[in-house]
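Report on the structure given below.
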Amino acid sequence: MISNTSPWWQHGIIYQIYPRSFKDSNGDGIGDLEGIISQLDYLTWLGVNALWLSPFYPSPMADFGYDITDYCAVDPLFGDLKTCDRLIEQAHQRDLKVMLDFVPNHTSDEHPWFLLSRSSRQNSRRDWYIWADARPDGSPPNNWLSVMGGSAWEWDASTAQYYLHTFLTKQPDLNWRNPAVKAAMFDVIRFWLERGIDGFRVDAAHYILKDPALRDNPLNSSVQQVLHKPMGDYDSQVHLYDSAHSDVHAVYRELRQLLNTYSTTQPRFLLGEVHIFNREVWANYYGADLDELHMPFNFDFIRTIWNARDIRQSVDDLEAHLPPGAWPNYVLGNHDEPRIMTRVGSGMARLAMLLLLTLRGTPTLYYGDEIGMHDGEIPPERVSDPMAKNRPGLGLGRDPERTPMQWDGSPNAGFCLSASEPWLPLPADYQQVNVAVEQEDPYSLLSFTRRLIELRRSALALTAGSYSPIEETPAACFVFRRQSAEQSYLIALNFSGEEQALALSELGRGRIILSTCLDRGELIDLTLLRLRGEEGLVIALESL
């Protein structure tokens, strides 16, 4: 259990902003840092504690900022370092923390380091990337596949070797086994810590170290179940050697030590994107002594079947595999996954929000989920995402969940000037689904989310209390208790469309504090608790 003096990242709520899509301040149809600054008061009003900003570094935008040419600057599309400094300063004035995306696995092929690396086999930067000779028949060094489709190796005719790219060919992988690379990337972390950044989300955190012998991945047998969204040919292999080598843990221990040197007055935070669905392997990224990532991201709710049994199993399994003293976390979606509203529908999205914000652990909200944004429809001529272009027909395009934030009912939803064209099209229902409309509607999803955040922040049991599931409940319901020394809350969730009756006489009486329908607040006898279809309740329990 944590206390009310715990680090901010344990009791806080993280809000992810995709800068291209949040707010455009200059009329070019692309969101920017100045636009984020203009909406800081909204985020304060909402009640979140920290902003995680997806990349805004200089980039050719082959993968919209995840192909970086300078880790210590701002792309002119988004502003400049002075604007970034002002964003950090104004966020801190509002008691908002600021986290950056750190992309350590690869750079752009236009990064000065790679231009030198590919210029000659004798260049001092050659070993900053992963190069290998062809097989005798001229084929790639091994069978590794790119997440973006095709081989993970690209032939460079000028130096007659292949270079590794786990993602796009324009995203060559850095060689983290070279001490100079590690030193340079740690200097990037220092640069941003010196500017006041509070933490980092580490992109593709488990990919940075591969098998040094470059062994072939084994083939994926038909018996072995794929534990993520189908990825086509990529799923034909067990990705045993092209990521997550055990040496990666030493890097994160050292990186954590670096952050600790900047944490004497305010804890700095390290959160990792770790797409590993073996819980024991995933949990290793906390570190044997909780000395690596503060938290590896828990993506289980994105892949879990949305029913009471599977959701509870996911939560209980996470709790069972956490190292002693480790702190859990939950997400409903992000810039790479379909939105929760699209996946489960409007009624269940409210239930999901209640679940996210009442479980033990740190929640991350994706921009727009608080107003019920759904995946946008992207006509073929407007498709931007290389994942969709490189792997057509698999439904892997990420544009639908990256559409502009819907601020109001004006042209372009208040995201950009009416005379501008937003970089992605807006959903047709933006005049009904937007911040301005929902702020005025006391029953809207935004109003519900804000009240839920306010309750979470005011109740120690919900931010720091223990988690215990309630047994002997209907199969359609997930019911659990959050408890601190002085408070006890019951969370009751009905995952079906039918009314459910719960007999919880051993819990005595309680008062409904919040319903997903925002229309209940009565004192109830828990001998018979009725939940309407897709209803969730937060109940303050009376002392027995």
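Just remember, in the structure tokens the first chain shown is A, the second B, etc., residues are 1-based per chain, and ligands are 1-based in the order shown.
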Quiz item: What lies within 7 Å of Asp75 of chain A using only C-alpha atoms, ignoring chain neighbours under 2 positions off, as number ranges by chain?
Solution: A: 56-59, 73, 77-80
Practice problem: May I have all residues of segment 103-270 of chain A that DSSP, computed from the backbone, assigns to strand (DSSP E or B), given as a PyMOL selection string? | Solution: chain A and resi 106+129+131-132+145+151+153-156+161-164+173-174+199-202+219+237+269-270
With C-alpha atoms kept, could you save the residues just selected as an mmCIF file, in the first residue's frame?
```cif
data_model
loop_
_atom_site.group_PDB
_atom_site.id
_atom_site.type_symbol
_atom_site.label_atom_id
_atom_site.label_comp_id
_atom_site.auth_asym_id
_atom_site.auth_seq_id
_atom_site.Cartn_x
_atom_site.Cartn_y
_atom_site.Cartn_z
ATOM 1 C CA HIS A 106 16.296 3.384 -33.595
ATOM 2 C CA TYR A 129 24.172 0.670 -35.777
ATOM 3 C CA TRP A 131 25.422 -4.114 -39.617
ATOM 4 C CA ALA A 132 25.979 -7.669 -40.860
ATOM 5 C CA LEU A 145 11.103 -9.805 -39.693
ATOM 6 C CA SER A 151 12.546 -8.550 -43.723
ATOM 7 C CA TRP A 153 17.295 -6.247 -42.936
ATOM 8 C CA GLU A 154 18.007 -3.671 -45.648
ATOM 9 C CA TRP A 155 20.867 -4.008 -48.118
ATOM 10 C CA ASP A 156 23.240 -1.062 -48.393
ATOM 11 C CA GLN A 161 26.311 -5.005 -45.862
ATOM 12 C CA TYR A 162 22.819 -5.223 -44.420
ATOM 13 C CA TYR A 163 21.591 -2.976 -41.603
ATOM 14 C CA LEU A 164 18.897 -3.980 -39.123
ATOM 15 C CA ASP A 173 18.364 0.085 -35.097
ATOM 16 C CA LEU A 174 21.009 1.537 -32.808
ATOM 17 C CA GLY A 199 9.830 11.402 -16.650
ATOM 18 C CA PHE A 200 10.036 9.337 -19.804
ATOM 19 C CA ARG A 201 7.924 6.791 -21.606
ATOM 20 C CA VAL A 202 10.456 4.478 -23.257
ATOM 21 C CA LEU A 219 8.951 -20.672 -36.510
ATOM 22 C CA GLN A 237 7.888 -16.546 -35.922
ATOM 23 C CA PHE A 269 9.783 8.542 -13.573
ATOM 24 C CA LEU A 270 10.588 5.754 -16.065
#
```
Practice problem: Could you jot down the atom CA of Asp109 of chain A to atom CA of Ile189 of chain A separation for me, Å, one decimal place? | Solution: 21.1 Å
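Of the listed residues (A:Gly372, A:Gly150, A:Gly533, A:Pro76), A:Gly150 comes nearest to Ser236 of chain A; the distances count only C-alpha atoms.
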Practice problem: Would you mind listing what lies within 7 Å of Ile17 of chain A as a list in words, with only C-alpha atoms counted and same-chain residues fewer than 3 positions away left out? | Solution: Phe22, Leu51, Trp52, Leu53, Ser54, Tyr366 and Tyr367 of chain A
Quiz item: Could you pull the residues within 7 Å of Asn142 of chain A, counting only C-alpha atoms, minus those fewer than 6 positions along the same chain, as a ChimeraX atom specification?
Solution: /A:214-216
Using C-alpha atoms, can you write the selected residues to a file as a compact mmCIF listing (two decimals), in the first residue's frame?
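Output contents, as saved in result_23.txt:
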```
# COMPACT_ATOMS: atom_id res chain seq x y z
CA LEU A 214 21.94 -12.98 -34.60
CA ARG A 215 20.39 -16.45 -34.50
CA ASP A 216 17.28 -17.23 -36.57
```
Practice problem: Would you list the contacts of Ser108 of chain A as an MDAnalysis selection string, taking every protein, DNA or RNA residue within 6 Å and counting only C-alpha atoms, but skipping same-chain residues closer than 5 positions in sequence? | Solution: chainID A and resid 67:69 170:171
Resulting file, chosen residues, N, CA and C atoms, as a PDB file, in the first residue's frame:
```pdb
ATOM      1  N   ASP A  67      10.842   8.492 -36.036  1.00  0.00           N
ATOM      2  CA  ASP A  67      12.086   8.432 -36.809  1.00  0.00           C
ATOM      3  C   ASP A  67      12.784   9.775 -36.605  1.00  0.00           C
ATOM      4  N   ILE A  68      13.740   9.804 -35.713  1.00  0.00           N
ATOM      5  CA  ILE A  68      14.274  11.052 -35.158  1.00  0.00           C
ATOM      6  C   ILE A  68      15.619  11.394 -35.776  1.00  0.00           C
ATOM      7  N   THR A  69      15.803  12.674 -36.085  1.00  0.00           N
ATOM      8  CA  THR A  69      17.102  13.149 -36.586  1.00  0.00           C
ATOM      9  C   THR A  69      17.862  13.968 -35.547  1.00  0.00           C
ATOM     10  N   LYS A 170      13.511   3.086 -42.906  1.00  0.00           N
ATOM     11  CA  LYS A 170      14.031   4.413 -42.584  1.00  0.00           C
ATOM     12  C   LYS A 170      14.254   4.595 -41.083  1.00  0.00           C
ATOM     13  N   GLN A 171      14.183   3.476 -40.305  1.00  0.00           N
ATOM     14  CA  GLN A 171      14.410   3.517 -38.862  1.00  0.00           C
ATOM     15  C   GLN A 171      15.469   2.478 -38.475  1.00  0.00           C
TER      16      GLN A 171
END
```
Quiz item: Hey, what's within 10 Å of Asn178 of chain A if we count only C-alpha atoms and toss same-chain stuff fewer than 6 positions away? As a PyMOL selection string, please?
Solution: chain A and resi 127-130
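Taking atom CA of His335 of chain A as the reference point, atom CA of Pro7 of chain A is found at 26.2 Å.
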Self-check item: Exercise: Leu541 of chain A partners within 10 Å, only C-alpha atoms, chain neighbours under 5 positions left out, as a ChimeraX atom specification
Solution: /A:481,483,487-490,507-513,523-524,526
Output file for the residues above (N, CA, C and O atoms, as a compact mmCIF listing (two decimals), in the first residue's frame):
```txt
# COMPACT_ATOMS: atom_id res chain seq x y z
N ARG A 481 -13.11 -4.58 -3.79
CA ARG A 481 -13.07 -3.63 -2.67
C ARG A 481 -11.74 -2.90 -2.68
O ARG A 481 -10.69 -3.50 -2.92
N GLN A 483 -9.57 -0.47 -0.05
CA GLN A 483 -9.64 -0.18 1.38
C GLN A 483 -8.34 0.42 1.89
O GLN A 483 -7.25 -0.03 1.55
N GLN A 487 -11.03 4.16 5.20
CA GLN A 487 -12.05 4.19 4.16
C GLN A 487 -12.18 2.82 3.51
O GLN A 487 -11.20 2.06 3.43
N SER A 488 -13.38 2.54 3.04
CA SER A 488 -13.61 1.30 2.31
C SER A 488 -14.64 1.56 1.21
O SER A 488 -15.73 2.08 1.49
N TYR A 489 -14.27 1.22 -0.02
CA TYR A 489 -15.17 1.42 -1.16
C TYR A 489 -15.40 0.08 -1.86
O TYR A 489 -14.48 -0.74 -2.00
N LEU A 490 -16.63 -0.10 -2.29
CA LEU A 490 -17.00 -1.25 -3.09
C LEU A 490 -17.20 -0.79 -4.53
O LEU A 490 -17.91 0.19 -4.78
N LEU A 507 -21.34 -7.29 3.81
CA LEU A 507 -20.76 -5.95 3.72
C LEU A 507 -21.62 -4.87 4.36
O LEU A 507 -21.24 -3.70 4.38
N GLY A 508 -22.81 -5.24 4.84
CA GLY A 508 -23.65 -4.29 5.57
C GLY A 508 -24.33 -3.28 4.67
O GLY A 508 -24.98 -3.64 3.69
N ARG A 509 -24.12 -2.00 4.98
CA ARG A 509 -24.76 -0.93 4.20
C ARG A 509 -23.69 -0.03 3.58
O ARG A 509 -22.54 -0.05 3.98
N GLY A 510 -24.14 0.73 2.60
CA GLY A 510 -23.22 1.68 1.97
C GLY A 510 -24.00 2.76 1.25
O GLY A 510 -25.21 2.64 1.04
N ARG A 511 -23.30 3.79 0.87
CA ARG A 511 -23.92 4.86 0.11
C ARG A 511 -23.31 4.91 -1.29
O ARG A 511 -22.10 4.88 -1.45
N ILE A 512 -24.19 4.95 -2.29
CA ILE A 512 -23.71 5.07 -3.66
C ILE A 512 -23.12 6.47 -3.85
O ILE A 512 -23.81 7.47 -3.70
N ILE A 513 -21.85 6.50 -4.16
CA ILE A 513 -21.15 7.77 -4.36
C ILE A 513 -21.20 8.18 -5.82
O ILE A 513 -21.32 9.36 -6.15
N LEU A 523 -28.53 5.71 0.09
CA LEU A 523 -28.03 4.74 1.07
C LEU A 523 -28.70 3.41 0.78
O LEU A 523 -29.92 3.35 0.59
N ILE A 524 -27.92 2.34 0.70
CA ILE A 524 -28.49 1.05 0.31
C ILE A 524 -28.08 -0.05 1.28
O ILE A 524 -27.02 0.01 1.91
N LEU A 526 -26.84 -3.72 1.35
CA LEU A 526 -26.16 -4.56 0.38
C LEU A 526 -26.61 -6.01 0.40
O LEU A 526 -26.07 -6.86 -0.31
```
Exercise. Please report, as number ranges by chain, each residue of segment 51-288 of chain A to which DSSP assigns helix (DSSP H, G or I) when run on this structure's backbone.
Key: A: 81-93, 112-117, 126-128, 179-194, 205-207, 232-236, 248-261, 279-286
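Comparing A:Val181, A:Val479, A:Ile208, A:Leu445 by their smallest distance to Met348 of chain A, the closest is A:Leu445 (using only C-alpha atoms).
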